[in-house]
Amino acid sequence: MRGGDTESEWLTGGAAPYDSSMEDKSLNILLVTQFYTPEHNAGAFRAADHAREWVARGHRVTVLTGWPHYPKGELFDGYSMTSFAEESIDGVRVLRSRVVARPLTSSIRRIQNGLGFLMFAVANILSKRNRIGDSFDVVVASSGTIFAGWLGWACAKTFKAPLVMEYRDLAFEQMVATGSRPEGLGVRLMRLCEVSLAKRSRRVIVLTNGFRSILAREGVDPSIVAVVPNGADPRPRKGCPMGEGLVFGYFGTMGISQDVPSTLELVVAASEASRQHARYMLIGDGAAREAVQAALSDSSYAFAQLMDGISQEELEPYYGLCHMTVVSLKKSQRFEATVPSKIFQSFARGVPVLFSGPEGEAARIIRDAGAGLVLTGTREEDEEALRRFFSNDTWHSDIESMGARALEALEKNYSRSMLAGRVLEVIADATEKGVSR
């Protein structure tokens with residue numbers, strides 16, 4: 001699925017590498033994202049890290065977002081929701097618009113949440129235009145929810161600025177991968193919403209080459225689509241866990257796509273092969289958390305501990321306890337183009353990854369880096385692969401070597417600073433080229 005012959009081409013989807021001379025051309029950027037710091041999910045991390053880096057490079061950044069409440073639907077401590085408010089975080093101007101804050105435990109509630117964000121924010125950009133400002137050079141909309149994308153389109157129209165659309169996922173593909181019928185009304189509507197918005201954008205950013213190919217298949221001009229993957233800032237832990245036991249960690253969203261309960265048996269197989277007592281820490285929230293709780297009611301999984309989602313800083317010590325982090329996806333062909341951000345968070349700490357999912361881009365990244373174990377076969381094949389690795393007396397030193405290679409790959413190809421520059425190149429290109437949409 002590679003989009004080019006070199007790593008640079010793969011990262012940019014064929015666009016020219018970032019040119020640091022563009023930093024002399026200060027941009028006024030409006031970034032639209034439903035989730036933002038202090039929320040702790042992949043979209044919030046990416047948006048906040050990029051915005052902070054852009055400000056450090058001399059650009060002005062305004063973020064239009066909701067009040068922090070993800071994923072429990074409870075407003076974060078220190079915040080009191082109003083229709084509209086402004087704050088400054090790390091030099092970034094942050095505008096917060098009212099949201100419908102409820103636990104996102106069903107599709108209906110997620111739709112209500114996204115639609116509420118869109119409607120309240122549109123009302124604010126129409127009634128509070130003077131407070132928001134209107135001299136933006138470009139609008140960047142990040143779609144973990146398509147509602148944020150269409151809000152970005154509304155902002156671009158209102159402020160007469162080009163739109164750069166970022167797709168962190170393609171929801172219509174994800175819906176099919178988790179059981180929806182491709183010809184179903186919901187899938188067809190989501191495909192229409194996502195594809196038509198891409199066609200209305202000056203430039204499009206996606207996180208994988210597979211996503212770029214899917215949009216091209218749906219009629220989006222590939223020349224406007226750039227690939228800028230997820231990443232993280234290097235934060236190496238000190239050493240590797242020693243002593244008795246084998247420790248795994250699952251850190252992040254527990255959604256339907258991740259199929260977390262199936263990972264319990266993988267830990268069992270690793271423990272038996274290594275002849276080590278296992279510990280498995282599962283930290284996070286999401287729509288499928290109740291399924292994880294139900295699986296843990298089985299007394300044979302007493303080694304597993306389920307904890308609520310916590311902030312990135314609070315999570316940091318847990319990386320230091322792990323021999324490997326677990327990253328999982330349903331083994332569906334529709335997820336071949338998906339690369340979970342958890343991979344890069346683990347690489348950034350120098351912790352190798354135990355990946356269970358389909359053969360695709362995520363598997364290739366881990367395998368090419370030599371930074372973990374990749375399980376893309378049947379259950380029996382995966383358990384046999386674990387037995388081969390952990391029955392070897394060198395498994396502990398092998399894990400240490402994998403961790404070192406993980407950090408090396410992160411620093412070389414996936415540092416947040418470098419990738420923020422790639423996105424800036426796409427943004428700058430959108431302000432100078434292309435027909436107005």
# chains A, B, ... in the order shown; residues from 1 in each chain; ligands from 1

call {"tool": "residues_around", "arguments": {"residues": "Val225 (chain A)", "least_positions_apart": "4", "cutoff": "12 Å", "atoms": "only C-alpha atoms", "output": "VMD selection string"}}
result
chain A and resid 3 10 to 15 164 to 167 198 to 199 201 to 216 219 to 221 423 426 to 427 429 to 430

call {"tool": "write_last_selection", "arguments": {"atoms": "N, CA and C atoms", "output": "mmCIF file, in the first residue's frame"}}
result
data_model
loop_
_atom_site.group_PDB
_atom_site.id
_atom_site.type_symbol
_atom_site.label_atom_id
_atom_site.label_comp_id
_atom_site.auth_asym_id
_atom_site.auth_seq_id
_atom_site.Cartn_x
_atom_site.Cartn_y
_atom_site.Cartn_z
ATOM 1 N N GLY A 3 2.636 4.587 -0.898
ATOM 2 C CA GLY A 3 2.284 5.581 -1.894
ATOM 3 C C GLY A 3 3.472 6.059 -2.693
ATOM 4 N N TRP A 10 6.232 8.324 1.382
ATOM 5 C CA TRP A 10 5.149 7.656 2.115
ATOM 6 C C TRP A 10 4.536 8.601 3.138
ATOM 7 N N LEU A 11 5.377 9.400 3.801
ATOM 8 C CA LEU A 11 4.867 10.299 4.827
ATOM 9 C C LEU A 11 4.038 11.429 4.251
ATOM 10 N N THR A 12 4.320 11.840 3.031
ATOM 11 C CA THR A 12 3.652 13.016 2.496
ATOM 12 C C THR A 12 2.691 12.715 1.369
ATOM 13 N N GLY A 13 2.573 11.473 0.974
ATOM 14 C CA GLY A 13 1.679 11.139 -0.128
ATOM 15 C C GLY A 13 2.132 11.725 -1.440
ATOM 16 N N GLY A 14 3.448 11.910 -1.600
ATOM 17 C CA GLY A 14 3.971 12.424 -2.849
ATOM 18 C C GLY A 14 4.237 13.919 -2.843
ATOM 19 N N ALA A 15 3.821 14.622 -1.789
ATOM 20 C CA ALA A 15 4.080 16.055 -1.708
ATOM 21 C C ALA A 15 5.554 16.301 -1.413
ATOM 22 N N VAL A 164 -8.593 22.797 4.647
ATOM 23 C CA VAL A 164 -7.765 21.591 4.648
ATOM 24 C C VAL A 164 -8.467 20.581 5.552
ATOM 25 N N MET A 165 -8.867 19.469 4.981
ATOM 26 C CA MET A 165 -9.612 18.452 5.715
ATOM 27 C C MET A 165 -8.686 17.333 6.134
ATOM 28 N N GLU A 166 -8.704 17.006 7.435
ATOM 29 C CA GLU A 166 -7.888 15.904 7.946
ATOM 30 C C GLU A 166 -8.800 14.767 8.397
ATOM 31 N N TYR A 167 -8.557 13.579 7.847
ATOM 32 C CA TYR A 167 -9.302 12.378 8.239
ATOM 33 C C TYR A 167 -8.387 11.483 9.066
ATOM 34 N N ALA A 198 -14.478 15.766 1.367
ATOM 35 C CA ALA A 198 -13.118 15.718 0.820
ATOM 36 C C ALA A 198 -13.051 16.425 -0.527
ATOM 37 N N LYS A 199 -14.058 16.230 -1.358
ATOM 38 C CA LYS A 199 -14.076 16.853 -2.681
ATOM 39 C C LYS A 199 -14.256 18.366 -2.605
ATOM 40 N N SER A 201 -12.744 20.212 -0.328
ATOM 41 C CA SER A 201 -11.580 20.741 0.371
ATOM 42 C C SER A 201 -10.470 21.112 -0.608
ATOM 43 N N ARG A 202 -9.689 22.120 -0.236
ATOM 44 C CA ARG A 202 -8.536 22.504 -1.053
ATOM 45 C C ARG A 202 -7.456 21.426 -0.998
ATOM 46 N N ARG A 203 -7.173 20.938 0.198
ATOM 47 C CA ARG A 203 -6.257 19.823 0.382
ATOM 48 C C ARG A 203 -6.855 18.877 1.423
ATOM 49 N N VAL A 204 -6.433 17.615 1.372
ATOM 50 C CA VAL A 204 -6.898 16.592 2.307
ATOM 51 C C VAL A 204 -5.682 15.911 2.916
ATOM 52 N N ILE A 205 -5.738 15.686 4.223
ATOM 53 C CA ILE A 205 -4.688 14.962 4.928
ATOM 54 C C ILE A 205 -5.287 13.673 5.483
ATOM 55 N N VAL A 206 -4.610 12.562 5.256
ATOM 56 C CA VAL A 206 -5.016 11.283 5.837
ATOM 57 C C VAL A 206 -3.817 10.688 6.562
ATOM 58 N N LEU A 207 -4.074 9.698 7.419
ATOM 59 C CA LEU A 207 -3.017 9.163 8.257
ATOM 60 C C LEU A 207 -2.326 7.939 7.678
ATOM 61 N N THR A 208 -2.917 7.349 6.636
ATOM 62 C CA THR A 208 -2.306 6.148 6.051
ATOM 63 C C THR A 208 -2.451 6.164 4.537
ATOM 64 N N ASN A 209 -1.593 5.405 3.881
ATOM 65 C CA ASN A 209 -1.701 5.256 2.437
ATOM 66 C C ASN A 209 -2.989 4.551 2.049
ATOM 67 N N GLY A 210 -3.429 3.614 2.896
ATOM 68 C CA GLY A 210 -4.677 2.918 2.610
ATOM 69 C C GLY A 210 -5.855 3.868 2.544
ATOM 70 N N PHE A 211 -5.909 4.831 3.462
ATOM 71 C CA PHE A 211 -6.988 5.817 3.432
ATOM 72 C C PHE A 211 -6.936 6.636 2.144
ATOM 73 N N ARG A 212 -5.720 6.962 1.718
ATOM 74 C CA ARG A 212 -5.558 7.727 0.469
ATOM 75 C C ARG A 212 -6.099 6.929 -0.721
ATOM 76 N N SER A 213 -5.816 5.633 -0.742
ATOM 77 C CA SER A 213 -6.298 4.779 -1.823
ATOM 78 C C SER A 213 -7.818 4.653 -1.804
ATOM 79 N N ILE A 214 -8.383 4.572 -0.619
ATOM 80 C CA ILE A 214 -9.843 4.466 -0.504
ATOM 81 C C ILE A 214 -10.514 5.727 -1.032
ATOM 82 N N LEU A 215 -9.998 6.897 -0.652
ATOM 83 C CA LEU A 215 -10.583 8.146 -1.151
ATOM 84 C C LEU A 215 -10.435 8.247 -2.666
ATOM 85 N N ALA A 216 -9.301 7.814 -3.197
ATOM 86 C CA ALA A 216 -9.120 7.822 -4.653
ATOM 87 C C ALA A 216 -10.145 6.908 -5.312
ATOM 88 N N GLY A 219 -13.381 8.579 -5.815
ATOM 89 C CA GLY A 219 -13.446 9.700 -6.741
ATOM 90 C C GLY A 219 -12.772 10.972 -6.284
ATOM 91 N N VAL A 220 -12.028 10.943 -5.162
ATOM 92 C CA VAL A 220 -11.294 12.121 -4.703
ATOM 93 C C VAL A 220 -9.960 12.180 -5.439
ATOM 94 N N ASP A 221 -9.625 13.336 -5.969
ATOM 95 C CA ASP A 221 -8.387 13.519 -6.728
ATOM 96 C C ASP A 221 -7.182 13.200 -5.838
ATOM 97 N N VAL A 423 2.525 18.705 8.075
ATOM 98 C CA VAL A 423 1.179 19.260 7.964
ATOM 99 C C VAL A 423 1.242 20.735 7.580
ATOM 100 N N VAL A 426 1.505 21.147 3.903
ATOM 101 C CA VAL A 426 0.222 20.980 3.218
ATOM 102 C C VAL A 426 -0.643 22.229 3.389
ATOM 103 N N ILE A 427 -0.658 22.772 4.594
ATOM 104 C CA ILE A 427 -1.448 23.972 4.863
ATOM 105 C C ILE A 427 -0.974 25.143 4.015
ATOM 106 N N ASP A 429 0.616 25.047 1.229
ATOM 107 C CA ASP A 429 0.274 24.777 -0.163
ATOM 108 C C ASP A 429 -1.181 25.129 -0.447
ATOM 109 N N ALA A 430 -2.061 24.853 0.516
ATOM 110 C CA ALA A 430 -3.482 25.151 0.329
ATOM 111 C C ALA A 430 -3.758 26.637 0.242
#

call {"tool": "residues_around", "arguments": {"residues": "Ser328 (chain A)", "least_positions_apart": "5", "cutoff": "8 Å", "atoms": "only C-alpha atoms", "output": "JSON, numbers by chain"}}
result
{"A": [258, 259, 260, 263, 355, 356, 357]}

call {"tool": "write_last_selection", "arguments": {"atoms": "C-alpha atoms", "output": "short mmCIF file (atom, residue, chain, number, x, y, z; two decimals), in the first residue's frame"}}
result
data_model
loop_
_atom_site.label_atom_id
_atom_site.label_comp_id
_atom_site.auth_asym_id
_atom_site.auth_seq_id
_atom_site.Cartn_x
_atom_site.Cartn_y
_atom_site.Cartn_z
CA GLN A 258 -10.29 -2.93 19.07
CA ASP A 259 -11.75 -6.31 20.14
CA VAL A 260 -9.94 -6.02 23.48
CA THR A 263 -6.30 -10.11 23.83
CA PHE A 355 -0.03 -6.28 17.79
CA SER A 356 -3.07 -8.40 17.03
CA GLY A 357 -4.99 -7.45 13.91
#

call {"tool": "select_by_dssp", "arguments": {"residues": "region 67-161 of chain A", "states": "alpha helix (DSSP H)", "output": "PDB file with N, CA and C atoms, in the first residue's frame"}}
result
ATOM      1  N   SER A 107     -24.171   4.484  19.689  1.00  0.00           N
ATOM      2  CA  SER A 107     -24.087   5.242  18.436  1.00  0.00           C
ATOM      3  C   SER A 107     -24.977   6.474  18.487  1.00  0.00           C
ATOM      4  N   ILE A 108     -26.152   6.331  19.062  1.00  0.00           N
ATOM      5  CA  ILE A 108     -27.076   7.466  19.148  1.00  0.00           C
ATOM      6  C   ILE A 108     -26.464   8.596  19.957  1.00  0.00           C
ATOM      7  N   ARG A 109     -25.856   8.259  21.079  1.00  0.00           N
ATOM      8  CA  ARG A 109     -25.255   9.299  21.913  1.00  0.00           C
ATOM      9  C   ARG A 109     -24.059   9.946  21.225  1.00  0.00           C
ATOM     10  N   ARG A 110     -23.294   9.167  20.473  1.00  0.00           N
ATOM     11  CA  ARG A 110     -22.157   9.755  19.750  1.00  0.00           C
ATOM     12  C   ARG A 110     -22.644  10.699  18.660  1.00  0.00           C
ATOM     13  N   ILE A 111     -23.737  10.351  18.006  1.00  0.00           N
ATOM     14  CA  ILE A 111     -24.311  11.246  16.999  1.00  0.00           C
ATOM     15  C   ILE A 111     -24.832  12.515  17.655  1.00  0.00           C
ATOM     16  N   GLN A 112     -25.537  12.378  18.770  1.00  0.00           N
ATOM     17  CA  GLN A 112     -26.046  13.549  19.487  1.00  0.00           C
ATOM     18  C   GLN A 112     -24.899  14.461  19.914  1.00  0.00           C
ATOM     19  N   ASN A 113     -23.824  13.859  20.381  1.00  0.00           N
ATOM     20  CA  ASN A 113     -22.677  14.627  20.830  1.00  0.00           C
ATOM     21  C   ASN A 113     -22.052  15.412  19.679  1.00  0.00           C
ATOM     22  N   GLY A 114     -21.811  14.732  18.549  1.00  0.00           N
ATOM     23  CA  GLY A 114     -21.207  15.399  17.406  1.00  0.00           C
ATOM     24  C   GLY A 114     -22.105  16.434  16.773  1.00  0.00           C
ATOM     25  N   LEU A 115     -23.396  16.106  16.651  1.00  0.00           N
ATOM     26  CA  LEU A 115     -24.337  17.037  16.047  1.00  0.00           C
ATOM     27  C   LEU A 115     -24.526  18.264  16.927  1.00  0.00           C
ATOM     28  N   GLY A 116     -24.552  18.062  18.251  1.00  0.00           N
ATOM     29  CA  GLY A 116     -24.670  19.196  19.158  1.00  0.00           C
ATOM     30  C   GLY A 116     -23.484  20.137  19.036  1.00  0.00           C
ATOM     31  N   PHE A 117     -22.277  19.564  18.948  1.00  0.00           N
ATOM     32  CA  PHE A 117     -21.082  20.391  18.771  1.00  0.00           C
ATOM     33  C   PHE A 117     -21.185  21.221  17.503  1.00  0.00           C
ATOM     34  N   LEU A 118     -21.612  20.591  16.404  1.00  0.00           N
ATOM     35  CA  LEU A 118     -21.757  21.299  15.133  1.00  0.00           C
ATOM     36  C   LEU A 118     -22.768  22.436  15.242  1.00  0.00           C
ATOM     37  N   MET A 119     -23.936  22.172  15.786  1.00  0.00           N
ATOM     38  CA  MET A 119     -25.008  23.169  15.816  1.00  0.00           C
ATOM     39  C   MET A 119     -24.661  24.345  16.730  1.00  0.00           C
ATOM     40  N   PHE A 120     -24.166  24.057  17.931  1.00  0.00           N
ATOM     41  CA  PHE A 120     -23.820  25.146  18.848  1.00  0.00           C
ATOM     42  C   PHE A 120     -22.667  25.983  18.290  1.00  0.00           C
ATOM     43  N   ALA A 121     -21.695  25.339  17.662  1.00  0.00           N
ATOM     44  CA  ALA A 121     -20.554  26.076  17.127  1.00  0.00           C
ATOM     45  C   ALA A 121     -20.950  26.941  15.931  1.00  0.00           C
ATOM     46  N   VAL A 122     -21.835  26.429  15.059  1.00  0.00           N
ATOM     47  CA  VAL A 122     -22.304  27.240  13.931  1.00  0.00           C
ATOM     48  C   VAL A 122     -23.022  28.479  14.452  1.00  0.00           C
ATOM     49  N   ALA A 123     -23.837  28.307  15.480  1.00  0.00           N
ATOM     50  CA  ALA A 123     -24.516  29.469  16.080  1.00  0.00           C
ATOM     51  C   ALA A 123     -23.502  30.486  16.601  1.00  0.00           C
ATOM     52  N   ASN A 124     -22.417  29.999  17.162  1.00  0.00           N
ATOM     53  CA  ASN A 124     -21.403  30.911  17.698  1.00  0.00           C
ATOM     54  C   ASN A 124     -20.633  31.632  16.596  1.00  0.00           C
ATOM     55  N   ILE A 125     -20.292  30.946  15.509  1.00  0.00           N
ATOM     56  CA  ILE A 125     -19.527  31.632  14.468  1.00  0.00           C
ATOM     57  C   ILE A 125     -20.394  32.669  13.749  1.00  0.00           C
ATOM     58  N   LEU A 126     -21.701  32.467  13.767  1.00  0.00           N
ATOM     59  CA  LEU A 126     -22.592  33.445  13.155  1.00  0.00           C
ATOM     60  C   LEU A 126     -22.864  34.639  14.079  1.00  0.00           C
ATOM     61  N   SER A 127     -22.980  34.370  15.380  1.00  0.00           N
ATOM     62  CA  SER A 127     -23.355  35.439  16.315  1.00  0.00           C
ATOM     63  C   SER A 127     -22.160  36.107  16.981  1.00  0.00           C
ATOM     64  N   ARG A 129     -18.923  36.463  15.511  1.00  0.00           N
ATOM     65  CA  ARG A 129     -17.859  36.553  14.511  1.00  0.00           C
ATOM     66  C   ARG A 129     -16.795  37.573  14.896  1.00  0.00           C
ATOM     67  N   ASN A 130     -17.217  38.674  15.485  1.00  0.00           N
ATOM     68  CA  ASN A 130     -16.248  39.699  15.873  1.00  0.00           C
ATOM     69  C   ASN A 130     -15.291  39.196  16.946  1.00  0.00           C
ATOM     70  N   ARG A 131     -15.805  38.385  17.856  1.00  0.00           N
ATOM     71  CA  ARG A 131     -14.946  37.846  18.921  1.00  0.00           C
ATOM     72  C   ARG A 131     -14.015  36.769  18.372  1.00  0.00           C
ATOM     73  N   ILE A 132     -14.511  36.008  17.430  1.00  0.00           N
ATOM     74  CA  ILE A 132     -13.696  34.921  16.872  1.00  0.00           C
ATOM     75  C   ILE A 132     -12.608  35.469  15.966  1.00  0.00           C
ATOM     76  N   ILE A 146     -17.322  13.295  11.751  1.00  0.00           N
ATOM     77  CA  ILE A 146     -17.556  14.049  10.523  1.00  0.00           C
ATOM     78  C   ILE A 146     -18.212  15.394  10.799  1.00  0.00           C
ATOM     79  N   PHE A 147     -18.857  15.528  11.957  1.00  0.00           N
ATOM     80  CA  PHE A 147     -19.490  16.799  12.312  1.00  0.00           C
ATOM     81  C   PHE A 147     -18.450  17.907  12.442  1.00  0.00           C
ATOM     82  N   ALA A 148     -17.276  17.582  12.989  1.00  0.00           N
ATOM     83  CA  ALA A 148     -16.203  18.575  13.075  1.00  0.00           C
ATOM     84  C   ALA A 148     -15.730  18.962  11.677  1.00  0.00           C
ATOM     85  N   GLY A 149     -15.736  18.006  10.752  1.00  0.00           N
ATOM     86  CA  GLY A 149     -15.356  18.315   9.380  1.00  0.00           C
ATOM     87  C   GLY A 149     -16.315  19.295   8.732  1.00  0.00           C
ATOM     88  N   TRP A 150     -17.610  19.057   8.883  1.00  0.00           N
ATOM     89  CA  TRP A 150     -18.583  19.961   8.282  1.00  0.00           C
ATOM     90  C   TRP A 150     -18.607  21.320   8.988  1.00  0.00           C
ATOM     91  N   LEU A 151     -18.263  21.337  10.277  1.00  0.00           N
ATOM     92  CA  LEU A 151     -18.111  22.623  10.954  1.00  0.00           C
ATOM     93  C   LEU A 151     -16.934  23.383  10.341  1.00  0.00           C
ATOM     94  N   GLY A 152     -15.857  22.672  10.037  1.00  0.00           N
ATOM     95  CA  GLY A 152     -14.732  23.320   9.375  1.00  0.00           C
ATOM     96  C   GLY A 152     -15.121  23.900   8.030  1.00  0.00           C
ATOM     97  N   TRP A 153     -15.939  23.162   7.270  1.00  0.00           N
ATOM     98  CA  TRP A 153     -16.415  23.671   5.980  1.00  0.00           C
ATOM     99  C   TRP A 153     -17.247  24.942   6.181  1.00  0.00           C
ATOM    100  N   ALA A 154     -18.111  24.954   7.206  1.00  0.00           N
ATOM    101  CA  ALA A 154     -18.918  26.147   7.499  1.00  0.00           C
ATOM    102  C   ALA A 154     -18.026  27.328   7.864  1.00  0.00           C
ATOM    103  N   CYS A 155     -16.966  27.063   8.636  1.00  0.00           N
ATOM    104  CA  CYS A 155     -16.033  28.130   8.995  1.00  0.00           C
ATOM    105  C   CYS A 155     -15.301  28.651   7.761  1.00  0.00           C
ATOM    106  N   ALA A 156     -14.889  27.741   6.891  1.00  0.00           N
ATOM    107  CA  ALA A 156     -14.185  28.158   5.679  1.00  0.00           C
ATOM    108  C   ALA A 156     -15.065  29.047   4.814  1.00  0.00           C
ATOM    109  N   LYS A 157     -16.341  28.690   4.691  1.00  0.00           N
ATOM    110  CA  LYS A 157     -17.272  29.514   3.924  1.00  0.00           C
ATOM    111  C   LYS A 157     -17.492  30.869   4.594  1.00  0.00           C
ATOM    112  N   THR A 158     -17.677  30.853   5.904  1.00  0.00           N
ATOM    113  CA  THR A 158     -17.953  32.094   6.637  1.00  0.00           C
ATOM    114  C   THR A 158     -16.774  33.049   6.579  1.00  0.00           C
ATOM    115  N   PHE A 159     -15.568  32.524   6.776  1.00  0.00           N
ATOM    116  CA  PHE A 159     -14.378  33.366   6.847  1.00  0.00           C
ATOM    117  C   PHE A 159     -13.653  33.483   5.518  1.00  0.00           C
TER     118      PHE A 159
END

call {"tool": "closest_residue", "arguments": {"among": "A:Ala232, A:Ala420, A:Val227, A:Val94", "to": "Gln312 (chain A)", "atoms": "only C-alpha atoms"}}
result
A:Ala232

call {"tool": "select_by_dssp", "arguments": {"residues": "region 158-370 of chain A", "states": "strand (DSSP E or B)", "output": "VMD selection string"}}
result
chain A and resid 163 to 167 203 to 206 225 to 227 232 246 to 251 278 to 283 304 to 307 324 to 328 353 to 356

call {"tool": "write_last_selection", "arguments": {"atoms": "N, CA and C atoms", "output": "short mmCIF file (atom, residue, chain, number, x, y, z; two decimals), in the first residue's frame"}}
result
data_model
loop_
_atom_site.label_atom_id
_atom_site.label_comp_id
_atom_site.auth_asym_id
_atom_site.auth_seq_id
_atom_site.Cartn_x
_atom_site.Cartn_y
_atom_site.Cartn_z
N LEU A 163 -10.10 25.38 2.86
CA LEU A 163 -10.29 24.31 3.83
C LEU A 163 -9.28 23.19 3.60
N VAL A 164 -8.59 22.80 4.65
CA VAL A 164 -7.77 21.59 4.65
C VAL A 164 -8.47 20.58 5.55
N MET A 165 -8.87 19.47 4.98
CA MET A 165 -9.61 18.45 5.71
C MET A 165 -8.69 17.33 6.13
N GLU A 166 -8.70 17.01 7.43
CA GLU A 166 -7.89 15.90 7.95
C GLU A 166 -8.80 14.77 8.40
N TYR A 167 -8.56 13.58 7.85
CA TYR A 167 -9.30 12.38 8.24
C TYR A 167 -8.39 11.48 9.07
N ARG A 203 -7.17 20.94 0.20
CA ARG A 203 -6.26 19.82 0.38
C ARG A 203 -6.86 18.88 1.42
N VAL A 204 -6.43 17.61 1.37
CA VAL A 204 -6.90 16.59 2.31
C VAL A 204 -5.68 15.91 2.92
N ILE A 205 -5.74 15.69 4.22
CA ILE A 205 -4.69 14.96 4.93
C ILE A 205 -5.29 13.67 5.48
N VAL A 206 -4.61 12.56 5.26
CA VAL A 206 -5.02 11.28 5.84
C VAL A 206 -3.82 10.69 6.56
N VAL A 225 -4.44 14.84 -1.94
CA VAL A 225 -4.43 14.07 -0.70
C VAL A 225 -2.98 13.79 -0.27
N ALA A 226 -2.63 14.23 0.93
CA ALA A 226 -1.31 13.98 1.49
C ALA A 226 -1.42 13.03 2.67
N VAL A 227 -0.41 12.18 2.83
CA VAL A 227 -0.37 11.24 3.94
C VAL A 227 0.59 11.76 5.01
N ALA A 232 4.40 10.77 17.87
CA ALA A 232 4.48 11.12 19.29
C ALA A 232 5.83 11.78 19.55
N LEU A 246 5.65 -11.30 33.87
CA LEU A 246 5.59 -10.79 32.50
C LEU A 246 4.43 -9.80 32.46
N VAL A 247 4.73 -8.54 32.14
CA VAL A 247 3.75 -7.47 32.28
C VAL A 247 3.38 -6.88 30.92
N PHE A 248 2.07 -6.85 30.65
CA PHE A 248 1.54 -6.23 29.43
C PHE A 248 0.63 -5.07 29.83
N GLY A 249 0.46 -4.11 28.91
CA GLY A 249 -0.45 -3.00 29.15
C GLY A 249 -1.25 -2.66 27.91
N TYR A 250 -2.54 -2.47 28.09
CA TYR A 250 -3.39 -1.92 27.02
C TYR A 250 -3.80 -0.54 27.48
N PHE A 251 -3.39 0.50 26.75
CA PHE A 251 -3.62 1.87 27.17
C PHE A 251 -4.35 2.63 26.07
N ALA A 278 1.74 -13.72 34.78
CA ALA A 278 1.40 -12.56 33.94
C ALA A 278 0.65 -11.50 34.74
N ARG A 279 0.85 -10.26 34.31
CA ARG A 279 0.04 -9.14 34.76
C ARG A 279 -0.38 -8.36 33.53
N TYR A 280 -1.66 -8.03 33.45
CA TYR A 280 -2.17 -7.31 32.28
C TYR A 280 -2.98 -6.11 32.77
N MET A 281 -2.47 -4.91 32.51
CA MET A 281 -3.13 -3.67 32.93
C MET A 281 -3.91 -3.10 31.75
N LEU A 282 -5.19 -2.94 31.91
CA LEU A 282 -6.05 -2.36 30.86
C LEU A 282 -6.57 -1.03 31.37
N ILE A 283 -6.12 0.05 30.74
CA ILE A 283 -6.46 1.39 31.22
C ILE A 283 -7.12 2.16 30.08
N ALA A 304 -5.60 -9.96 35.10
CA ALA A 304 -5.92 -8.70 34.42
C ALA A 304 -6.55 -7.70 35.37
N GLN A 305 -6.18 -6.45 35.21
CA GLN A 305 -6.69 -5.36 36.04
C GLN A 305 -7.23 -4.26 35.14
N LEU A 306 -8.50 -3.93 35.29
CA LEU A 306 -9.16 -2.90 34.47
C LEU A 306 -9.25 -1.61 35.26
N MET A 307 -8.75 -0.52 34.66
CA MET A 307 -8.75 0.79 35.31
C MET A 307 -9.36 1.83 34.38
N MET A 324 5.69 -5.19 27.26
CA MET A 324 5.13 -4.86 25.96
C MET A 324 3.76 -4.22 26.16
N THR A 325 3.40 -3.32 25.25
CA THR A 325 2.01 -2.85 25.21
C THR A 325 1.25 -3.68 24.18
N VAL A 326 -0.04 -3.78 24.38
CA VAL A 326 -0.91 -4.54 23.48
C VAL A 326 -1.70 -3.55 22.63
N VAL A 327 -1.68 -3.75 21.32
CA VAL A 327 -2.48 -2.96 20.38
C VAL A 327 -3.28 -3.94 19.55
N SER A 328 -4.59 -3.76 19.50
CA SER A 328 -5.42 -4.74 18.80
C SER A 328 -6.43 -4.06 17.90
N VAL A 353 5.70 -3.49 20.92
CA VAL A 353 4.26 -3.66 20.77
C VAL A 353 3.92 -5.11 20.44
N LEU A 354 2.91 -5.62 21.12
CA LEU A 354 2.29 -6.88 20.74
C LEU A 354 1.03 -6.52 19.96
N PHE A 355 1.08 -6.71 18.65
CA PHE A 355 -0.03 -6.28 17.79
C PHE A 355 -0.84 -7.48 17.34
N SER A 356 -2.15 -7.40 17.54
CA SER A 356 -3.07 -8.40 17.03
C SER A 356 -4.07 -7.71 16.12
#

call {"tool": "residues_around", "arguments": {"residues": "Asp398 (chain A)", "least_positions_apart": "4", "cutoff": "10 Å", "atoms": "only C-alpha atoms", "output": "PDB file with C-alpha atoms, in the first residue's frame"}}
result
ATOM      1  CA  PRO A 352       7.753  -2.843  22.014  1.00  0.00           C
ATOM      2  CA  ALA A 371       9.785  -3.317  17.309  1.00  0.00           C
ATOM      3  CA  GLY A 372       7.386  -5.993  18.454  1.00  0.00           C
ATOM      4  CA  PHE A 389       8.941 -16.328  21.136  1.00  0.00           C
ATOM      5  CA  PHE A 390       8.377 -16.650  24.866  1.00  0.00           C
ATOM      6  CA  ASN A 392      13.049 -18.990  24.124  1.00  0.00           C
ATOM      7  CA  ASP A 393      15.306 -18.196  27.089  1.00  0.00           C
ATOM      8  CA  THR A 394      16.400 -14.964  25.379  1.00  0.00           C
ATOM      9  CA  MET A 402      12.829  -4.422  20.299  1.00  0.00           C
ATOM     10  CA  GLY A 403      12.273  -1.472  22.619  1.00  0.00           C
TER      11      GLY A 403
END

call {"tool": "residues_around", "arguments": {"residues": "Gly377 (chain A)", "least_positions_apart": "2", "cutoff": "9 Å", "atoms": "only C-alpha atoms", "output": "MDAnalysis selection string"}}
result
chainID A and resid 331 356:359 375 379:382

call {"tool": "write_last_selection", "arguments": {"atoms": "C-alpha atoms", "output": "tab-separated table (two decimals), in the first residue's frame"}}
result
chain	number	residue	atom	x	y	z
A	331	LYS	CA	-9.09	-8.89	11.93
A	356	SER	CA	-3.07	-8.40	17.03
A	357	GLY	CA	-4.99	-7.45	13.91
A	358	PRO	CA	-5.15	-7.74	10.13
A	359	GLU	CA	-2.17	-7.82	7.82
A	375	LEU	CA	-0.05	-11.56	15.13
A	379	ARG	CA	-6.03	-17.80	16.91
A	380	GLU	CA	-4.03	-21.05	16.78
A	381	GLU	CA	-1.32	-19.47	14.61
A	382	ASP	CA	-1.05	-16.45	16.88
